[in-house]
Amino acid sequence: MTHIVFVFGTLKKGFPLHEAGLAGARFLRSCSTVAPYPMLVAGPYFAPMMFNEPGVGLRVRGESYEVGAGTLAELDRMESLGKPGNWRLPLQVSPVDGGPPVSAFAYMKSRWLGQPVHSGYLADYQDRRFIAFGQRR
């Protein structure tokens, strides 16, 4: 079985976690969330975080991928799914080049994980301050 995953931060092409998380996945398209969501750079490692508060923030731009169960499990591990404040939730995304919205999973965090905050709400993550797993103290 395959799943569609929407990524908006360090899992996008050209960012630090893409190869580790999505190297074997099939890129589908660039897209934006149908509803606005609060996405910002936060936490001690300058991570992009999106909160499950539809209607707050901006329409978030990212990429959608088709992934199998093994890749989804690896993404769940990388995104700390199962630990407090970490979720994989369905949302609606629209292709930026047009077309109908589709349902995709996105990884979201609780606001209490987003301290301190390093940016305002973002529509398109381009920040390069993220501290990768192997570089953390």
# chains A, B, ... in the order shown; residues from 1 in each chain; ligands from 1

$ residues_around --residues "A:Val60" --least-positions-apart "5" --cutoff "12 Å" --atoms "only C-alpha atoms" --output "ChimeraX atom specification"
/A:6-9,30-40,48-51,54-55,91-96,106,121-126

$ write_last_selection --atoms "N, CA and C atoms" --output "mmCIF file, in the first residue's frame"
data_model
loop_
_atom_site.group_PDB
_atom_site.id
_atom_site.type_symbol
_atom_site.label_atom_id
_atom_site.label_comp_id
_atom_site.auth_asym_id
_atom_site.auth_seq_id
_atom_site.Cartn_x
_atom_site.Cartn_y
_atom_site.Cartn_z
ATOM 1 N N PHE A 6 2.967 14.972 2.476
ATOM 2 C CA PHE A 6 3.272 16.369 2.181
ATOM 3 C C PHE A 6 4.417 16.808 3.083
ATOM 4 N N VAL A 7 5.510 17.287 2.484
ATOM 5 C CA VAL A 7 6.658 17.764 3.262
ATOM 6 C C VAL A 7 6.866 19.244 2.970
ATOM 7 N N PHE A 8 7.239 19.997 3.986
ATOM 8 C CA PHE A 8 7.299 21.453 3.863
ATOM 9 C C PHE A 8 8.584 22.054 4.400
ATOM 10 N N GLY A 9 9.498 21.218 4.907
ATOM 11 C CA GLY A 9 10.709 21.750 5.543
ATOM 12 C C GLY A 9 11.951 20.997 5.154
ATOM 13 N N SER A 30 4.759 19.874 -6.625
ATOM 14 C CA SER A 30 4.788 20.969 -5.665
ATOM 15 C C SER A 30 3.349 21.333 -5.368
ATOM 16 N N CYS A 31 3.064 21.631 -4.115
ATOM 17 C CA CYS A 31 1.687 21.918 -3.738
ATOM 18 C C CYS A 31 1.657 22.836 -2.531
ATOM 19 N N SER A 32 0.456 23.303 -2.211
ATOM 20 C CA SER A 32 0.224 24.145 -1.035
ATOM 21 C C SER A 32 -0.952 23.592 -0.260
ATOM 22 N N THR A 33 -0.945 23.812 1.026
ATOM 23 C CA THR A 33 -2.095 23.394 1.821
ATOM 24 C C THR A 33 -3.318 24.182 1.365
ATOM 25 N N VAL A 34 -4.477 23.539 1.376
ATOM 26 C CA VAL A 34 -5.716 24.222 1.011
ATOM 27 C C VAL A 34 -6.068 25.242 2.095
ATOM 28 N N ALA A 35 -5.966 24.845 3.343
ATOM 29 C CA ALA A 35 -6.223 25.745 4.473
ATOM 30 C C ALA A 35 -4.908 26.374 4.928
ATOM 31 N N PRO A 36 -4.975 27.549 5.509
ATOM 32 C CA PRO A 36 -3.775 28.102 6.145
ATOM 33 C C PRO A 36 -3.408 27.277 7.385
ATOM 34 N N TYR A 37 -2.117 27.185 7.652
ATOM 35 C CA TYR A 37 -1.609 26.539 8.868
ATOM 36 C C TYR A 37 -0.471 27.398 9.409
ATOM 37 N N PRO A 38 -0.250 27.381 10.728
ATOM 38 C CA PRO A 38 0.909 28.068 11.276
ATOM 39 C C PRO A 38 2.160 27.196 11.122
ATOM 40 N N MET A 39 3.097 27.678 10.323
ATOM 41 C CA MET A 39 4.381 27.000 10.138
ATOM 42 C C MET A 39 5.460 28.024 10.428
ATOM 43 N N LEU A 40 6.441 27.622 11.241
ATOM 44 C CA LEU A 40 7.519 28.531 11.591
ATOM 45 C C LEU A 40 8.778 27.759 11.928
ATOM 46 N N PRO A 48 11.780 23.490 11.138
ATOM 47 C CA PRO A 48 10.488 23.953 10.642
ATOM 48 C C PRO A 48 9.392 23.130 11.313
ATOM 49 N N MET A 49 8.400 23.796 11.844
ATOM 50 C CA MET A 49 7.297 23.109 12.529
ATOM 51 C C MET A 49 5.974 23.665 12.038
ATOM 52 N N MET A 50 5.033 22.757 11.794
ATOM 53 C CA MET A 50 3.678 23.154 11.458
ATOM 54 C C MET A 50 2.775 22.638 12.565
ATOM 55 N N PHE A 51 1.848 23.482 12.992
ATOM 56 C CA PHE A 51 0.941 23.144 14.085
ATOM 57 C C PHE A 51 -0.448 22.828 13.535
ATOM 58 N N PRO A 54 -5.666 24.489 11.670
ATOM 59 C CA PRO A 54 -6.121 24.965 10.364
ATOM 60 C C PRO A 54 -6.881 26.279 10.489
ATOM 61 N N GLY A 55 -6.630 27.176 9.542
ATOM 62 C CA GLY A 55 -7.261 28.484 9.555
ATOM 63 C C GLY A 55 -6.393 29.563 10.167
ATOM 64 N N LEU A 91 -4.286 16.103 5.674
ATOM 65 C CA LEU A 91 -4.761 17.429 5.301
ATOM 66 C C LEU A 91 -4.945 17.459 3.790
ATOM 67 N N GLN A 92 -5.526 18.527 3.294
ATOM 68 C CA GLN A 92 -5.754 18.699 1.865
ATOM 69 C C GLN A 92 -4.683 19.607 1.286
ATOM 70 N N VAL A 93 -4.099 19.170 0.151
ATOM 71 C CA VAL A 93 -3.118 19.987 -0.564
ATOM 72 C C VAL A 93 -3.557 20.135 -2.017
ATOM 73 N N SER A 94 -3.232 21.301 -2.601
ATOM 74 C CA SER A 94 -3.549 21.590 -3.999
ATOM 75 C C SER A 94 -2.266 21.739 -4.790
ATOM 76 N N PRO A 95 -2.184 21.147 -5.979
ATOM 77 C CA PRO A 95 -1.007 21.349 -6.831
ATOM 78 C C PRO A 95 -0.847 22.837 -7.164
ATOM 79 N N VAL A 96 0.380 23.355 -7.117
ATOM 80 C CA VAL A 96 0.592 24.767 -7.419
ATOM 81 C C VAL A 96 0.343 25.069 -8.890
ATOM 82 N N ALA A 106 0.749 14.882 6.763
ATOM 83 C CA ALA A 106 1.770 15.865 7.116
ATOM 84 C C ALA A 106 2.155 15.646 8.573
ATOM 85 N N TYR A 121 5.204 33.409 11.005
ATOM 86 C CA TYR A 121 4.593 32.382 10.159
ATOM 87 C C TYR A 121 5.194 32.454 8.754
ATOM 88 N N LEU A 122 5.444 31.274 8.192
ATOM 89 C CA LEU A 122 6.059 31.166 6.866
ATOM 90 C C LEU A 122 5.119 30.451 5.904
ATOM 91 N N ALA A 123 5.144 30.863 4.647
ATOM 92 C CA ALA A 123 4.417 30.158 3.597
ATOM 93 C C ALA A 123 5.341 29.164 2.889
ATOM 94 N N ASP A 124 6.647 29.478 2.848
ATOM 95 C CA ASP A 124 7.606 28.649 2.114
ATOM 96 C C ASP A 124 8.910 28.591 2.908
ATOM 97 N N TYR A 125 9.229 27.428 3.452
ATOM 98 C CA TYR A 125 10.436 27.258 4.259
ATOM 99 C C TYR A 125 11.673 27.309 3.371
ATOM 100 N N GLN A 126 12.580 28.239 3.682
ATOM 101 C CA GLN A 126 13.866 28.338 2.984
ATOM 102 C C GLN A 126 15.018 28.548 3.967
#

$ select_by_dssp --residues "stretch 26-130 of chain A" --states "strand (DSSP E or B)" --output "MDAnalysis selection string"
chainID A and resid 26:33 37 39:42 47:51 58 61:68 86:95 102:109 117

$ closest_atom_pairs --of "stretch 97-137 of chain A" --to "stretch 67-84 of chain A" --cutoff "10 Å" --atoms "only C-alpha atoms" --output "tab-separated table"
residue	atom	partner	partner_atom	distance
A:Phe105	CA	A:Leu72	CA	9.8
A:Tyr107	CA	A:Glu79	CA	7.0
A:Met108	CA	A:Glu79	CA	8.7
A:Lys109	CA	A:Pro84	CA	9.0
A:Ser110	CA	A:Pro84	CA	8.3
A:Leu113	CA	A:Pro84	CA	9.2
A:Phe133	CA	A:Met78	CA	9.6

$ atom_distance --atom1 "atom CA of A:Phe130" --atom2 "atom CA of A:Phe46"
4.7 Å

$ atom_distance --atom1 "atom CA of A:Val117" --atom2 "atom CA of A:Ala23"
29.5 Å

$ closest_residue --among "A:Tyr65, A:Asn52, A:Asp127, A:Gly43" --to "A:Gln115" --atoms "only C-alpha atoms"
A:Gly43

$ atom_distance --atom1 "atom CA of A:Arg136" --atom2 "atom CA of A:Tyr45"
7.7 Å

$ select_by_dssp --residues "stretch 44-94 of chain A" --states "alpha helix (DSSP H)" --output "VMD selection string"
chain A and resid 69 to 78

$ closest_residue --among "A:Pro16, A:Gly85, A:Pro101, A:Gly57" --to "A:Arg128" --atoms "only C-alpha atoms"
A:Pro16

$ decode --residues "stretch 8-30 of chain A" --atoms "N, CA and C atoms" --output "PDB file, in the first residue's frame"
ATOM      1  N   PHE A   8       7.239  19.997   3.986  1.00  0.00           N
ATOM      2  CA  PHE A   8       7.299  21.453   3.863  1.00  0.00           C
ATOM      3  C   PHE A   8       8.584  22.054   4.400  1.00  0.00           C
ATOM      4  N   GLY A   9       9.498  21.218   4.907  1.00  0.00           N
ATOM      5  CA  GLY A   9      10.709  21.750   5.543  1.00  0.00           C
ATOM      6  C   GLY A   9      11.951  20.997   5.154  1.00  0.00           C
ATOM      7  N   THR A  10      12.617  20.406   6.147  1.00  0.00           N
ATOM      8  CA  THR A  10      13.924  19.775   5.926  1.00  0.00           C
ATOM      9  C   THR A  10      13.847  18.486   5.118  1.00  0.00           C
ATOM     10  N   LEU A  11      12.642  17.989   4.820  1.00  0.00           N
ATOM     11  CA  LEU A  11      12.501  16.809   3.966  1.00  0.00           C
ATOM     12  C   LEU A  11      12.341  17.170   2.489  1.00  0.00           C
ATOM     13  N   LYS A  12      12.221  18.469   2.166  1.00  0.00           N
ATOM     14  CA  LYS A  12      12.105  18.887   0.770  1.00  0.00           C
ATOM     15  C   LYS A  12      13.424  18.650   0.036  1.00  0.00           C
ATOM     16  N   LYS A  13      13.349  18.567  -1.292  1.00  0.00           N
ATOM     17  CA  LYS A  13      14.559  18.445  -2.114  1.00  0.00           C
ATOM     18  C   LYS A  13      15.504  19.593  -1.797  1.00  0.00           C
ATOM     19  N   GLY A  14      16.800  19.256  -1.646  1.00  0.00           N
ATOM     20  CA  GLY A  14      17.804  20.270  -1.383  1.00  0.00           C
ATOM     21  C   GLY A  14      17.988  20.626   0.078  1.00  0.00           C
ATOM     22  N   PHE A  15      17.240  19.972   0.967  1.00  0.00           N
ATOM     23  CA  PHE A  15      17.345  20.249   2.403  1.00  0.00           C
ATOM     24  C   PHE A  15      17.926  19.034   3.124  1.00  0.00           C
ATOM     25  N   PRO A  16      18.405  19.204   4.371  1.00  0.00           N
ATOM     26  CA  PRO A  16      19.237  18.199   5.033  1.00  0.00           C
ATOM     27  C   PRO A  16      18.666  16.793   5.199  1.00  0.00           C
ATOM     28  N   LEU A  17      17.360  16.628   5.347  1.00  0.00           N
ATOM     29  CA  LEU A  17      16.817  15.298   5.625  1.00  0.00           C
ATOM     30  C   LEU A  17      16.196  14.613   4.402  1.00  0.00           C
ATOM     31  N   HIS A  18      16.266  15.260   3.256  1.00  0.00           N
ATOM     32  CA  HIS A  18      15.609  14.689   2.074  1.00  0.00           C
ATOM     33  C   HIS A  18      16.167  13.309   1.705  1.00  0.00           C
ATOM     34  N   GLU A  19      17.464  13.210   1.587  1.00  0.00           N
ATOM     35  CA  GLU A  19      18.065  11.936   1.163  1.00  0.00           C
ATOM     36  C   GLU A  19      17.782  10.823   2.165  1.00  0.00           C
ATOM     37  N   ALA A  20      17.890  11.120   3.449  1.00  0.00           N
ATOM     38  CA  ALA A  20      17.663  10.098   4.473  1.00  0.00           C
ATOM     39  C   ALA A  20      16.204   9.660   4.519  1.00  0.00           C
ATOM     40  N   GLY A  21      15.276  10.576   4.252  1.00  0.00           N
ATOM     41  CA  GLY A  21      13.866  10.244   4.391  1.00  0.00           C
ATOM     42  C   GLY A  21      13.133   9.894   3.118  1.00  0.00           C
ATOM     43  N   LEU A  22      13.520  10.522   2.002  1.00  0.00           N
ATOM     44  CA  LEU A  22      12.705  10.378   0.784  1.00  0.00           C
ATOM     45  C   LEU A  22      13.497  10.019  -0.470  1.00  0.00           C
ATOM     46  N   ALA A  23      14.722   9.544  -0.316  1.00  0.00           N
ATOM     47  CA  ALA A  23      15.558   9.249  -1.477  1.00  0.00           C
ATOM     48  C   ALA A  23      14.879   8.289  -2.456  1.00  0.00           C
ATOM     49  N   GLY A  24      14.176   7.288  -1.954  1.00  0.00           N
ATOM     50  CA  GLY A  24      13.551   6.310  -2.840  1.00  0.00           C
ATOM     51  C   GLY A  24      12.091   6.587  -3.152  1.00  0.00           C
ATOM     52  N   ALA A  25      11.562   7.701  -2.651  1.00  0.00           N
ATOM     53  CA  ALA A  25      10.142   8.001  -2.844  1.00  0.00           C
ATOM     54  C   ALA A  25       9.910   8.655  -4.207  1.00  0.00           C
ATOM     55  N   ARG A  26       8.682   8.540  -4.677  1.00  0.00           N
ATOM     56  CA  ARG A  26       8.325   9.145  -5.962  1.00  0.00           C
ATOM     57  C   ARG A  26       7.775  10.545  -5.729  1.00  0.00           C
ATOM     58  N   PHE A  27       8.481  11.554  -6.280  1.00  0.00           N
ATOM     59  CA  PHE A  27       8.005  12.935  -6.207  1.00  0.00           C
ATOM     60  C   PHE A  27       6.746  13.053  -7.048  1.00  0.00           C
ATOM     61  N   LEU A  28       5.711  13.661  -6.475  1.00  0.00           N
ATOM     62  CA  LEU A  28       4.463  13.849  -7.209  1.00  0.00           C
ATOM     63  C   LEU A  28       4.349  15.257  -7.765  1.00  0.00           C
ATOM     64  N   ARG A  29       4.407  16.271  -6.888  1.00  0.00           N
ATOM     65  CA  ARG A  29       4.260  17.645  -7.363  1.00  0.00           C
ATOM     66  C   ARG A  29       4.529  18.629  -6.231  1.00  0.00           C
ATOM     67  N   SER A  30       4.759  19.874  -6.625  1.00  0.00           N
ATOM     68  CA  SER A  30       4.788  20.969  -5.665  1.00  0.00           C
ATOM     69  C   SER A  30       3.349  21.333  -5.368  1.00  0.00           C
TER      70      SER A  30
END
